[in-house]
file data30.cif (mmCIF, C-alpha atoms)
data_work
#
loop_
_atom_site.label_atom_id
_atom_site.label_comp_id
_atom_site.auth_asym_id
_atom_site.auth_seq_id
_atom_site.Cartn_x
_atom_site.Cartn_y
_atom_site.Cartn_z
CA MET A 1 22.91 153.53 71.13
CA ILE A 2 24.65 156.90 70.98
CA LYS A 3 22.16 159.62 71.81
CA ALA A 4 22.09 163.33 72.64
CA GLU A 5 18.93 165.19 73.62
CA ASN A 6 18.88 169.00 73.80
CA LEU A 7 22.63 168.91 74.43
CA ALA A 8 24.49 172.15 75.12
CA PHE A 9 28.01 172.72 76.40
CA ARG A 10 30.14 175.64 77.50
CA TYR A 11 33.80 175.34 78.58
CA ASP A 12 34.82 177.00 81.84
CA SER A 13 36.28 180.47 81.33
CA TYR A 14 39.95 181.00 82.14
CA GLY A 15 40.27 184.63 81.08
CA GLU A 16 38.32 187.83 81.62
CA LYS A 17 35.87 187.06 78.80
CA GLU A 18 33.15 184.51 79.53
CA SER A 19 33.25 181.60 77.10
CA GLU A 20 30.34 181.06 74.74
CA LYS A 21 28.44 177.84 74.22
CA VAL A 22 30.30 175.55 71.83
CA LEU A 23 27.23 173.36 71.38
CA ARG A 24 23.56 174.26 71.70
CA ASN A 25 20.39 172.22 71.24
CA ILE A 26 22.09 169.12 69.77
CA ASN A 27 19.71 166.24 69.06
CA LEU A 28 21.25 163.09 67.59
CA THR A 29 20.65 159.34 67.70
CA VAL A 30 22.97 156.69 66.22
CA ASN A 31 21.69 153.13 66.51
CA LYS A 32 23.81 150.00 66.26
CA GLY A 33 25.02 149.41 62.72
CA GLU A 34 24.26 152.94 61.48
CA LYS A 35 26.88 155.04 59.70
CA VAL A 36 26.60 158.78 60.31
CA LEU A 37 28.82 161.66 59.14
CA ILE A 38 29.05 165.09 60.78
CA LEU A 39 30.77 167.81 58.74
CA GLY A 40 31.95 171.02 60.38
CA GLU A 41 34.61 173.69 60.07
CA PRO A 42 37.40 173.97 62.65
CA GLU A 43 36.12 175.35 65.97
CA SER A 44 32.57 174.20 65.11
CA GLY A 45 32.52 171.81 68.09
CA LYS A 46 33.13 168.41 66.44
CA THR A 47 35.84 167.34 68.89
CA THR A 48 33.82 168.63 71.86
CA LEU A 49 30.82 166.60 70.72
CA SER A 50 33.07 163.55 70.23
CA LEU A 51 34.43 163.83 73.76
CA ILE A 52 30.95 164.27 75.26
CA LEU A 53 29.53 161.27 73.41
CA SER A 54 32.59 159.27 74.51
CA SER A 55 31.93 160.32 78.14
CA LEU A 56 35.33 162.06 78.42
CA ILE A 57 33.47 165.33 78.95
CA PRO A 58 32.50 166.34 81.59
CA GLU A 59 34.34 163.56 83.46
CA PHE A 60 37.82 164.82 82.54
CA VAL A 61 37.16 168.36 81.23
CA ASP A 62 35.68 171.29 83.13
CA GLY A 63 32.58 172.88 81.70
CA GLU A 64 28.84 173.35 81.97
CA MET A 65 26.68 170.78 80.20
CA GLU A 66 22.94 170.78 79.64
CA GLY A 67 20.68 168.09 78.23
CA LYS A 68 20.91 164.32 78.22
CA VAL A 69 23.53 161.99 76.77
CA CYS A 70 23.36 158.22 76.28
CA PRO A 71 25.12 156.02 77.34
CA GLU A 72 24.57 156.86 81.00
CA CYS A 73 26.18 153.66 82.33
CA GLU A 74 29.28 153.65 84.49
CA MET A 75 32.70 153.94 82.84
CA LYS A 76 33.51 150.30 83.68
CA ASP A 77 30.41 149.16 81.80
CA ARG A 78 31.23 151.32 78.75
CA MET A 79 34.81 150.07 78.40
CA GLY A 80 35.27 148.06 75.24
CA LYS A 81 31.78 148.80 73.92
CA TYR A 82 32.11 152.52 73.18
CA THR A 83 35.34 153.90 71.78
CA LEU A 84 36.80 157.10 70.36
CA VAL A 85 39.47 157.38 67.67
CA PRO A 86 40.80 160.82 68.66
CA GLN A 87 41.86 163.59 66.32
CA ASN A 88 45.24 164.16 67.97
CA ALA A 89 46.77 160.74 68.47
CA GLY A 90 49.71 162.16 70.41
CA GLU A 91 47.45 163.16 73.28
CA PHE A 92 46.22 159.58 73.80
CA ILE A 93 49.18 157.29 73.08
CA LEU A 94 50.50 155.81 76.35
CA GLY A 95 52.59 152.76 75.42
CA GLU A 96 56.32 152.81 74.79
CA THR A 97 56.08 150.50 71.78
CA VAL A 98 53.46 149.89 69.10
CA GLU A 99 52.71 146.41 70.46
CA ASP A 100 52.36 147.70 74.05
CA GLU A 101 49.93 150.41 72.93
CA ILE A 102 47.64 148.02 71.06
CA ALA A 103 47.60 145.50 73.92
CA PHE A 104 46.84 148.07 76.65
CA PRO A 105 42.99 148.22 76.25
CA LEU A 106 42.75 144.42 76.37
CA GLU A 107 44.96 144.25 79.46
CA SER A 108 42.73 146.87 81.11
CA LEU A 109 39.70 144.67 80.46
CA GLY A 110 41.40 141.61 81.98
CA ILE A 111 41.41 139.59 78.76
CA GLU A 112 43.31 136.28 78.85
CA ARG A 113 46.91 136.49 77.58
CA GLU A 114 46.38 134.03 74.71
CA GLU A 115 43.45 136.07 73.43
CA ILE A 116 45.46 139.30 73.77
CA VAL A 117 48.28 137.84 71.67
CA ARG A 118 45.81 136.65 69.01
CA ARG A 119 44.03 140.00 68.74
CA VAL A 120 47.23 142.05 68.75
CA GLU A 121 48.69 139.93 65.93
CA LYS A 122 45.49 140.39 63.93
CA ALA A 123 45.50 144.18 64.48
CA LEU A 124 49.18 144.52 63.58
CA SER A 125 48.54 142.66 60.33
CA PHE A 126 45.32 144.49 59.43
CA TRP A 127 46.78 147.98 59.94
CA GLY A 128 50.18 147.22 58.40
CA LEU A 129 52.16 147.63 61.61
CA GLU A 130 53.95 144.25 61.83
CA SER A 131 57.39 145.67 61.03
CA LEU A 132 56.87 148.39 63.66
CA ARG A 133 55.66 146.21 66.54
CA GLU A 134 58.75 147.00 68.68
CA ALA A 135 59.23 150.54 67.36
CA SER A 136 58.95 153.39 69.84
CA THR A 137 55.61 155.17 69.49
CA THR A 138 57.52 158.49 69.48
CA GLU A 139 59.34 157.71 66.22
CA LEU A 140 56.28 156.97 64.09
CA SER A 141 55.13 159.19 61.24
CA GLY A 142 51.79 160.98 61.47
CA GLY A 143 50.08 158.37 59.31
CA GLU A 144 51.61 155.51 61.29
CA LYS A 145 50.37 157.07 64.53
CA ARG A 146 46.89 157.35 63.01
CA ARG A 147 46.91 153.66 62.09
CA LEU A 148 48.19 152.80 65.56
CA MET A 149 45.33 154.77 67.10
CA LEU A 150 42.82 152.95 64.87
CA ALA A 151 44.30 149.58 65.82
CA THR A 152 44.22 150.45 69.53
CA SER A 153 40.70 151.89 69.53
CA LEU A 154 39.19 149.00 67.54
CA ILE A 155 41.04 146.16 69.32
CA THR A 156 38.12 145.56 71.72
CA ASP A 157 35.61 144.98 68.85
CA PRO A 158 33.39 147.87 70.04
CA ASP A 159 29.71 148.28 69.22
CA TYR A 160 29.95 152.07 68.84
CA VAL A 161 32.89 154.02 67.39
CA ILE A 162 33.38 157.77 67.07
CA TYR A 163 36.00 158.73 64.48
CA ASP A 164 37.29 162.30 64.95
CA GLU A 165 39.03 163.36 61.70
CA SER A 166 40.36 159.80 61.39
CA PHE A 167 40.73 159.90 57.60
CA ASP A 168 43.25 162.74 57.85
CA ASP A 169 46.98 161.82 57.92
CA LEU A 170 46.19 158.58 56.05
CA ASP A 171 47.32 158.04 52.46
CA ARG A 172 44.86 156.88 49.78
CA SER A 173 45.37 153.16 50.32
CA TRP A 174 44.79 153.38 54.08
CA ARG A 175 41.81 155.70 53.62
CA ARG A 176 40.33 152.94 51.49
CA VAL A 177 41.03 150.37 54.20
CA LEU A 178 39.31 152.55 56.81
CA ARG A 179 36.35 153.19 54.52
CA ASP A 180 35.91 149.46 53.85
CA HIS A 181 36.13 148.66 57.58
CA ILE A 182 33.41 151.18 58.42
CA LYS A 183 31.21 149.95 55.57
CA GLU A 184 31.54 146.23 56.31
CA SER A 185 31.57 146.21 60.12
CA SER A 186 28.48 145.82 62.29
CA GLU A 187 29.55 148.69 64.56
CA ALA A 188 27.73 152.01 64.69
CA SER A 189 30.13 154.57 63.21
CA LEU A 190 29.94 158.31 63.84
CA VAL A 191 32.53 160.13 61.71
CA MET A 192 33.58 163.76 62.27
CA ALA A 193 35.26 165.58 59.36
CA SER A 194 36.09 169.11 58.25
CA ARG A 195 35.25 168.46 54.59
CA PHE A 196 33.62 165.88 52.35
CA ILE A 197 36.17 163.67 50.55
CA SER A 198 35.65 161.14 47.77
CA PHE A 199 35.97 158.18 50.18
CA PHE A 200 32.71 159.26 51.85
CA GLU A 201 30.62 158.53 48.72
CA ASP A 202 27.80 156.02 49.41
CA LEU A 203 29.16 155.26 52.89
CA PHE A 204 26.72 156.96 55.26
CA ASP A 205 23.06 156.57 56.16
CA ARG A 206 22.82 160.21 57.21
CA ILE A 207 25.01 163.32 56.91
CA TYR A 208 24.77 166.43 59.09
CA ILE A 209 26.42 169.85 59.20
CA LEU A 210 27.55 171.19 62.60
CA GLU A 211 27.33 174.98 62.41
CA ASP A 212 26.86 177.66 65.06
CA GLY A 213 26.70 174.90 67.66
CA GLU A 214 23.70 173.16 66.07
CA LEU A 215 23.14 170.19 63.76
CA ARG A 216 21.24 170.41 60.48
CA GLU A 217 20.86 167.96 57.62
CA TRP A 218 23.43 168.26 54.82
CA ASN A 219 22.01 169.44 51.49
CA GLY A 220 24.57 167.57 49.41
CA GLU A 221 26.54 170.65 48.40
CA LEU A 222 30.28 169.95 48.02
CA ALA A 223 32.90 172.51 49.00
CA SER A 224 34.97 173.60 46.02
CA ILE A 225 38.70 174.24 46.21
CA PRO A 226 39.33 177.96 45.64
CA THR A 227 42.09 178.94 43.24
CA PRO A 228 44.86 180.37 45.42
CA ASN A 229 46.22 183.84 44.77
CA ILE A 230 49.94 183.08 44.99
CA VAL A 231 52.15 186.17 44.89
CA ARG A 232 54.91 186.07 42.26
CA LYS A 233 57.27 188.82 43.41
CA GLU A 234 60.73 189.72 42.18
CA ARG A 235 62.23 188.03 45.21
CA LYS A 236 64.15 185.16 43.59
CA ASN A 237 65.57 182.40 45.72
CA LYS A 238 66.20 178.81 44.74
CA LEU A 239 66.60 175.78 46.98
CA GLN A 240 68.12 172.64 45.44
CA CYS A 241 69.14 169.14 46.54
CA ARG A 242 71.65 166.97 44.74
CA ASN A 243 72.30 163.27 45.42
CA ILE A 244 71.01 163.37 49.01
CA SER A 245 71.24 160.20 51.08
CA PHE A 246 70.17 159.88 54.71
CA VAL A 247 70.02 156.86 57.00
CA HIS A 248 67.56 157.13 59.87
CA PRO A 249 68.20 154.35 62.42
CA ARG A 250 65.05 153.40 64.29
CA ARG A 251 65.52 153.19 68.02
CA SER A 252 64.28 149.60 68.26
CA SER A 253 66.56 146.72 67.27
CA PHE A 254 63.58 145.01 65.58
CA SER A 255 63.08 147.71 62.93
CA SER A 256 65.58 148.14 60.12
CA PRO A 257 67.04 151.61 59.42
CA PHE A 258 65.07 153.89 57.10
CA VAL A 259 67.05 155.10 54.07
CA LEU A 260 66.07 158.28 52.20
CA SER A 261 67.38 158.98 48.69
CA VAL A 262 66.88 162.22 46.70
CA ASP A 263 68.72 162.56 43.40
CA ASP A 264 67.35 165.94 42.36
CA PHE A 265 64.95 168.44 43.93
CA SER A 266 64.31 172.16 43.47
CA LEU A 267 62.00 174.83 44.86
CA GLU A 268 61.92 178.47 43.75
CA SER A 269 60.38 181.66 45.06
CA GLY A 270 56.73 182.14 44.24
CA GLU A 271 55.92 178.52 43.39
CA VAL A 272 53.95 175.86 45.22
CA VAL A 273 55.36 172.35 44.91
CA ALA A 274 53.40 169.35 46.24
CA LEU A 275 55.05 166.32 47.83
CA MET A 276 52.84 163.25 47.99
CA GLY A 277 53.27 159.60 48.90
CA PRO A 278 52.28 156.80 51.28
CA ASN A 279 52.59 157.06 55.05
CA GLY A 280 56.15 156.42 56.20
CA SER A 281 57.67 156.94 52.73
CA GLY A 282 60.05 159.70 53.82
CA LYS A 283 58.16 162.97 53.35
CA SER A 284 58.67 164.29 56.88
CA THR A 285 62.24 162.95 57.01
CA PHE A 286 63.03 164.93 53.85
CA SER A 287 61.40 168.01 55.39
CA ARG A 288 63.66 167.78 58.43
CA ILE A 289 66.71 167.74 56.16
CA LEU A 290 65.51 170.72 54.10
CA CYS A 291 64.99 172.89 57.17
CA GLY A 292 68.28 171.92 58.85
CA LEU A 293 66.95 169.73 61.65
CA ASP A 294 68.77 166.69 60.26
CA THR A 295 72.02 166.52 58.28
CA PRO A 296 72.25 164.14 55.28
CA ASN A 297 74.94 161.47 55.27
CA LYS A 298 75.95 162.57 51.79
CA GLY A 299 74.88 164.94 49.04
CA THR A 300 74.54 168.71 48.75
CA ILE A 301 71.85 171.25 49.55
CA ILE A 302 72.25 174.45 47.52
CA LEU A 303 70.65 177.81 48.29
CA ASP A 304 70.96 180.51 45.63
CA GLU A 305 73.78 178.67 43.85
CA THR A 306 75.82 178.27 47.06
CA PRO A 307 76.18 175.07 49.15
CA CYS A 308 74.13 175.60 52.29
CA ASN A 309 74.98 174.55 55.83
CA LYS A 310 72.61 173.64 58.68
CA GLU A 311 72.56 177.13 60.24
CA ARG A 312 71.66 178.87 56.97
CA LEU A 313 68.87 176.39 56.29
CA GLU A 314 67.39 177.04 59.74
CA ARG A 315 67.22 180.77 58.92
CA SER A 316 65.82 180.26 55.42
CA VAL A 317 63.30 177.41 55.60
CA GLY A 318 60.30 177.45 57.93
CA TYR A 319 58.94 173.97 58.66
CA MET A 320 55.36 173.76 59.90
CA PHE A 321 55.17 170.37 61.59
CA GLN A 322 52.27 168.04 60.89
CA ASN A 323 51.28 168.31 64.57
CA PRO A 324 51.16 171.94 65.77
CA ASP A 325 51.73 170.86 69.38
CA TYR A 326 55.37 170.06 68.52
CA GLN A 327 55.98 173.78 67.95
CA ILE A 328 53.70 175.53 70.44
CA PHE A 329 55.10 175.63 73.96
CA LEU A 330 54.40 179.06 75.54
CA PRO A 331 51.33 179.97 77.63
CA THR A 332 49.46 182.45 75.41
CA VAL A 333 49.11 183.46 71.77
CA LYS A 334 50.84 186.74 72.60
CA ASP A 335 53.79 184.90 74.17
CA GLU A 336 54.19 182.67 71.10
CA LEU A 337 54.04 185.52 68.58
CA SER A 338 56.25 187.78 70.70
CA TYR A 339 58.90 185.08 70.91
CA SER A 340 59.01 184.65 67.13
CA LEU A 341 59.22 188.44 66.63
CA SER A 342 62.13 188.62 69.07
CA PHE A 343 64.34 187.06 66.39
CA LEU A 344 63.79 190.05 64.09
CA LYS A 345 65.95 193.17 64.32
CA ILE A 346 63.11 195.67 64.60
CA LYS A 347 62.20 198.30 67.18
CA GLU A 348 59.84 197.56 70.05
CA LYS A 349 57.09 199.81 68.68
CA GLU A 350 57.21 197.99 65.35
CA LYS A 351 57.07 194.64 67.15
CA GLU A 352 53.89 195.64 68.97
CA LYS A 353 52.32 196.75 65.70
CA ARG A 354 53.22 193.49 63.94
CA LEU A 355 52.00 191.49 66.92
CA SER A 356 48.53 192.99 66.69
CA GLU A 357 48.39 192.85 62.88
CA THR A 358 49.47 189.20 62.75
CA ALA A 359 46.91 188.13 65.35
CA ASP A 360 44.13 189.91 63.44
CA LEU A 361 45.26 188.44 60.11
CA PHE A 362 45.02 184.89 61.44
CA SER A 363 41.85 185.52 63.52
CA LEU A 364 43.63 184.94 66.84
CA SER A 365 43.10 186.51 70.26
CA LEU A 366 46.38 187.51 71.91
CA SER A 367 45.08 186.64 75.38
CA ASP A 368 44.00 183.09 74.52
CA THR A 369 45.74 180.19 76.27
CA ALA A 370 47.47 178.19 73.52
CA SER A 371 46.99 174.77 75.14
CA LEU A 372 43.22 175.30 75.44
CA MET A 373 42.69 176.28 71.80
CA SER A 374 41.09 173.90 69.31
CA TYR A 375 43.28 171.90 66.93
CA GLY A 376 42.37 174.20 64.03
CA GLU A 377 43.17 177.32 66.07
CA ARG A 378 46.54 175.87 67.03
CA LYS A 379 47.30 175.29 63.35
CA ARG A 380 46.44 178.93 62.65
CA LEU A 381 48.74 180.01 65.48
CA GLN A 382 51.49 177.80 64.08
CA SER A 383 51.00 179.48 60.68
CA ALA A 384 51.03 182.96 62.24
CA ILE A 385 54.36 182.25 63.95
CA TYR A 386 56.05 181.42 60.66
CA TYR A 387 54.32 184.26 58.85
CA SER A 388 55.89 186.70 61.30
CA LEU A 389 59.37 185.25 60.62
CA ASP A 390 59.01 185.92 56.86
CA ARG A 391 61.11 183.01 55.56
CA PRO A 392 61.96 182.72 51.83
CA PHE A 393 60.77 179.07 51.91
CA TYR A 394 58.10 177.17 53.84
CA ILE A 395 57.37 173.47 54.24
CA LEU A 396 53.72 172.85 55.14
CA ASP A 397 53.40 169.28 56.40
CA GLU A 398 49.76 168.14 56.06
CA LEU A 399 48.47 171.73 56.13
CA ASP A 400 44.98 170.58 55.09
CA SER A 401 44.65 168.02 57.89
CA ALA A 402 41.51 168.90 59.92
CA LEU A 403 41.04 172.16 57.99
CA THR A 404 38.58 173.13 55.27
CA TYR A 405 39.85 173.84 51.76
CA LYS A 406 38.99 177.51 52.25
CA GLU A 407 41.07 177.84 55.41
CA SER A 408 43.99 175.86 53.95
CA ILE A 409 44.05 178.14 50.90
CA SER A 410 43.87 181.22 53.12
CA ILE A 411 46.96 180.13 55.08
CA LEU A 412 48.76 179.25 51.85
CA GLU A 413 48.08 182.71 50.44
CA LYS A 414 49.25 184.51 53.58
CA LEU A 415 52.53 182.61 53.79
CA SER A 416 53.25 183.21 50.10
CA GLN A 417 52.33 186.90 50.00
CA ASN A 418 55.99 188.01 50.13
CA GLY A 419 56.94 185.65 47.33
CA ALA A 420 58.00 182.61 49.39
CA GLY A 421 58.43 179.22 47.77
CA ILE A 422 56.23 176.57 49.38
CA LEU A 423 56.60 172.80 49.62
CA LEU A 424 53.15 171.39 50.41
CA ILE A 425 52.90 167.85 51.80
CA THR A 426 49.42 166.38 51.37
CA HIS A 427 47.49 163.16 50.76
CA ASP A 428 44.69 164.98 48.95
CA ASP A 429 45.15 164.63 45.17
CA ASP A 430 42.42 167.17 44.42
CA PHE A 431 43.99 169.76 46.72
CA ALA A 432 47.45 169.20 45.25
CA SER A 433 46.16 169.51 41.68
CA ALA A 434 44.34 172.74 42.49
CA VAL A 435 47.24 174.59 44.15
CA ALA A 436 50.57 173.09 43.01
CA ASP A 437 52.74 174.13 40.06
CA ARG A 438 54.68 170.85 40.18
CA GLU A 439 54.49 167.57 42.07
CA TYR A 440 57.06 165.24 43.64
CA ARG A 441 56.36 161.72 44.81
CA ALA A 442 57.81 159.84 47.79
CA LYS A 443 57.92 156.05 47.61
CA GLU A 444 59.89 153.68 49.84
CA GLY A 445 62.43 156.34 50.75
CA ARG A 446 62.97 157.70 47.23
CA ILE A 447 61.77 161.17 46.24
CA TYR A 448 61.38 162.06 42.56
CA GLU A 449 59.49 164.54 40.35
CA GLU A 450 56.43 163.33 38.50
#

call {"tool": "encode", "arguments": {"input": "data30.cif", "output": "structure tokens"}}
result
Amino acid sequence: MIKAENLAFRYDSYGEKESEKVLRNINLTVNKGEKVLILGEPESGKTTLSLILSSLIPEFVDGEMEGKVCPECEMKDRMGKYTLVPQNAGEFILGETVEDEIAFPLESLGIEREEIVRRVEKALSFWGLESLREASTTELSGGEKRRLMLATSLITDPDYVIYDESFDDLDRSWRRVLRDHIKESSEASLVMASRFISFFEDLFDRIYILEDGELREWNGELASIPTPNIVRKERKNKLQCRNISFVHPRRSSFSSPFVLSVDDFSLESGEVVALMGPNGSGKSTFSRILCGLDTPNKGTIILDETPCNKERLERSVGYMFQNPDYQIFLPTVKDELSYSLSFLKIKEKEKEKRLSETADLFSLSLSDTASLMSYGERKRLQSAIYYSLDRPFYILDELDSALTYKESISILEKLSQNGAGILLITHDDDFASAVADREYRAKEGRIYEE
């Protein structure tokens, strides 16, 4: 079983301020075959609880833990029976190729080669990764990495699985696959999520809320999606694409090149446009072209009626990556925000004022160490960085991943308050319908307006 009795945990302090308890008085039991959901806002302690129940804390993370946790067996006895599907796949992927990554847990357990081959083939097929078996794990999309992490974590046929925000980054079809697997398998499933989504209906035996470090039973109340207050200012900019074509060669010889095609696209100041589509359909590739990271093989990008080059796009379009860790690289929150403000031609006194105001606006502490912040806090820091740069356009790639609707809307409002045009990439139909003025769809490398 998975069990916590009177569990409390506090991370070691690295600054002047003593850290508070993330968890306090947690009592939870998940028996074999049970399906349990824990809902909680970012920074509520879901990932910490996941790591403790997976025995990764305190073994690999410094902190003070109280109470009792089951299993208490040695790591070698837990291997293969208890597994975690982590929130941030990038922190756990070790293999160079998709096939290597999936095979690694079985090799660690000393499974016979013939059985490894059989199980890997089955996992590749089940999670739709056959065509990517020799692809580098670094070139996968966010959704493909999530499916890879699911395939790797479940390859040992575990008895107990903890899913930390595992439905995020997946499109509707793969969310359905994951839901059906949880429902039909004999494993005990403990799912952590920031919000209740439609795929959770009739799936769980029990549902809890994690709040203020404690668990309580969920009362069935669903979080509504607030109507965003998008600022429509006189600032009028228009970003357009005409007849764009881009060939992205995968680094493995096994995988065929990915071809992106965009006949017509536009985004204006003060509007929110949603871009939706299956994992690996070209959404992030298109985003990289729009912000100047990649150059199309043919076609034209037009900004305010003038053809736009790479350098101008980089100054005009802010791209918030799906994974905040790709854009956060300095020691503290203050260092990150100061670096972004250094690109603005303003006096030092004004920079200090903006630094403090931006941190307060996004509920950040300037002294916090960026690498030790929660995933949700790092997404807020990522948002604050681009807010300080005041771009006329923003691309928000999976903004709502691991965030509540309320927090996603809050970030959307802040980034649009000067009249910016926003391209929102999401897999959540309800969220897109609530906030977007128009919608585009990506399918097999083609992007078109619905």

call {"tool": "atom_distance", "arguments": {"input": "data30.cif", "atom1": "CA of Ser383 (chain A)", "atom2": "CA of Lys351 (chain A)"}}
result
17.6 Å

call {"tool": "residues_around", "arguments": {"input": "data30.cif", "residues": "Lys32 (chain A)", "least_positions_apart": "3", "cutoff": "7 Å", "atoms": "all atoms listed in the file", "output": "list in words"}}
result
Met1, Asp159, Tyr160, Glu187 and Ala188 of chain A

call {"tool": "resolve_selection", "arguments": {"input": "data30.cif", "expression": "the PyMOL selection byres ((chain A and resi 334-346) around 6)", "output": "VMD selection string"}}
result
chain A and resid 330 332 to 333 347 366 385

call {"tool": "write_last_selection", "arguments": {"input": "data30.cif", "atoms": "C-alpha atoms", "output": "tab-separated table (two decimals), in the frame of the given file"}}
result
chain	number	residue	atom	x	y	z
A	330	LEU	CA	54.40	179.06	75.54
A	332	THR	CA	49.46	182.45	75.41
A	333	VAL	CA	49.11	183.46	71.77
A	347	LYS	CA	62.20	198.30	67.18
A	366	LEU	CA	46.38	187.51	71.91
A	385	ILE	CA	54.36	182.25	63.95

call {"tool": "atom_distance", "arguments": {"input": "data30.cif", "atom1": "CA of Ser284 (chain A)", "atom2": "CA of Thr152 (chain A)"}}
result
23.7 Å

call {"tool": "resolve_selection", "arguments": {"input": "data30.cif", "expression": "the PyMOL selection byres ((chain A and resi 209-216) around 8)", "output": "list in words"}}
result
Lys21, Val22, Leu23, Arg24, Asn25, Ile26, Asn27, Ile38, Leu39, Gly40, Glu41, Ser44, Gly45, Lys46, Ile207, Tyr208, Glu217 and Trp218 of chain A

call {"tool": "resolve_selection", "arguments": {"input": "data30.cif", "expression": "the PyMOL selection byres ((chain A and resi 312-324) around 8)", "output": "ChimeraX atom specification"}}
result
/A:142,287-288,290-293,308-311,325-328,375,378-379,382-383,386,391-399

call {"tool": "closest_residue", "arguments": {"input": "data30.cif", "among": "A:Val161, A:Leu303, A:Met65, A:Leu389", "to": "Val85 (chain A)", "atoms": "all atoms listed in the file"}}
result
A:Val161

call {"tool": "atom_distance", "arguments": {"input": "data30.cif", "atom1": "CA of Phe126 (chain A)", "atom2": "CA of Ala151 (chain A)"}}
result
8.2 Å

call {"tool": "residues_near_point", "arguments": {"input": "data30.cif", "point": "(42.8, 183.2, 52.3)", "cutoff": "12 Å", "atoms": "only C-alpha atoms", "output": "number ranges by chain"}}
result
A: 225-230, 361-363, 380, 404-417

call {"tool": "residues_around", "arguments": {"input": "data30.cif", "residues": "region 279-281 of chain A", "least_positions_apart": "4", "cutoff": "10 Å", "atoms": "only C-alpha atoms", "output": "PyMOL selection string"}}
result
chain A and resi 140-147+169-174+258-260+285-286+427+441-447

call {"tool": "closest_atom_pairs", "arguments": {"input": "data30.cif", "of": "region 150-219 of chain A", "to": "region 101-122 of chain A", "cutoff": "10 Å", "atoms": "all atoms listed in the file", "output": "tab-separated table"}}
result
residue	atom	partner	partner_atom	distance
A:Leu150	CA	A:Ile102	CA	9.3
A:Ala151	CA	A:Ile102	CA	6.4
A:Thr152	CA	A:Ile102	CA	4.5
A:Ser153	CA	A:Pro105	CA	8.0
A:Leu154	CA	A:Ile102	CA	9.2
A:Ile155	CA	A:Arg119	CA	6.9
A:Thr156	CA	A:Leu106	CA	6.7
A:Asp157	CA	A:Arg119	CA	9.8

call {"tool": "residues_around", "arguments": {"input": "data30.cif", "residues": "Thr358 (chain A)", "least_positions_apart": "5", "cutoff": "8 Å", "atoms": "only C-alpha atoms", "output": "list in words"}}
result
Ala384, Tyr387 and Ser388 of chain A

call {"tool": "closest_residue", "arguments": {"input": "data30.cif", "among": "A:Asn88, A:Ser356, A:Ser13, A:Ser266", "to": "Leu423 (chain A)", "atoms": "only C-alpha atoms"}}
result
A:Ser266

call {"tool": "closest_residue", "arguments": {"input": "data30.cif", "among": "A:Val262, A:Ala370, A:Cys70, A:Leu403", "to": "Leu7 (chain A)", "atoms": "only C-alpha atoms"}}
result
A:Cys70

call {"tool": "closest_residue", "arguments": {"input": "data30.cif", "among": "A:Lys283, A:Arg242, A:Arg354, A:Arg176", "to": "Glu305 (chain A)", "atoms": "all atoms listed in the file"}}
result
A:Arg242

call {"tool": "closest_residue", "arguments": {"input": "data30.cif", "among": "A:Val191, A:Leu203, A:Ile425, A:Ala436", "to": "Arg179 (chain A)", "atoms": "only C-alpha atoms"}}
result
A:Leu203

call {"tool": "closest_residue", "arguments": {"input": "data30.cif", "among": "A:Met373, A:Ala434, A:Ile52, A:Leu275", "to": "Glu450 (chain A)", "atoms": "all atoms listed in the file"}}
result
A:Leu275

call {"tool": "residues_around", "arguments": {"input": "data30.cif", "residues": "Asp62 (chain A)", "least_positions_apart": "2", "cutoff": "12 Å", "atoms": "all atoms listed in the file", "output": "PyMOL selection string"}}
result
chain A and resi 9-14+48+52+56-60+64-65+372

call {"tool": "build_atoms", "arguments": {"input": "data30.cif", "residues": "region 354-361 of chain A", "atoms": "N, CA and C atoms", "output": "JSON list (two decimals), keeping the file's coordinate frame"}}
result
[["chain", "number", "residue", "atom", "x", "y", "z"],
["A", 354, "ARG", "N", 53.27, 194.76, 64.68],
["A", 354, "ARG", "CA", 53.22, 193.49, 63.94],
["A", 354, "ARG", "C", 52.49, 192.42, 64.75],
["A", 355, "LEU", "N", 52.66, 192.46, 66.04],
["A", 355, "LEU", "CA", 52.00, 191.49, 66.92],
["A", 355, "LEU", "C", 50.50, 191.57, 66.76],
["A", 356, "SER", "N", 49.97, 192.79, 66.82],
["A", 356, "SER", "CA", 48.53, 192.99, 66.69],
["A", 356, "SER", "C", 48.04, 192.66, 65.29],
["A", 357, "GLU", "N", 48.79, 193.08, 64.27],
["A", 357, "GLU", "CA", 48.39, 192.85, 62.88],
["A", 357, "GLU", "C", 48.38, 191.36, 62.55],
["A", 358, "THR", "N", 49.38, 190.63, 63.03],
["A", 358, "THR", "CA", 49.47, 189.20, 62.75],
["A", 358, "THR", "C", 48.33, 188.43, 63.41],
["A", 359, "ALA", "N", 48.02, 188.79, 64.65],
["A", 359, "ALA", "CA", 46.91, 188.13, 65.35],
["A", 359, "ALA", "C", 45.60, 188.37, 64.62],
["A", 360, "ASP", "N", 45.37, 189.60, 64.18],
["A", 360, "ASP", "CA", 44.13, 189.91, 63.44],
["A", 360, "ASP", "C", 44.07, 189.16, 62.12],
["A", 361, "LEU", "N", 45.21, 189.08, 61.42],
["A", 361, "LEU", "CA", 45.26, 188.44, 60.11],
["A", 361, "LEU", "C", 44.89, 186.97, 60.20]]
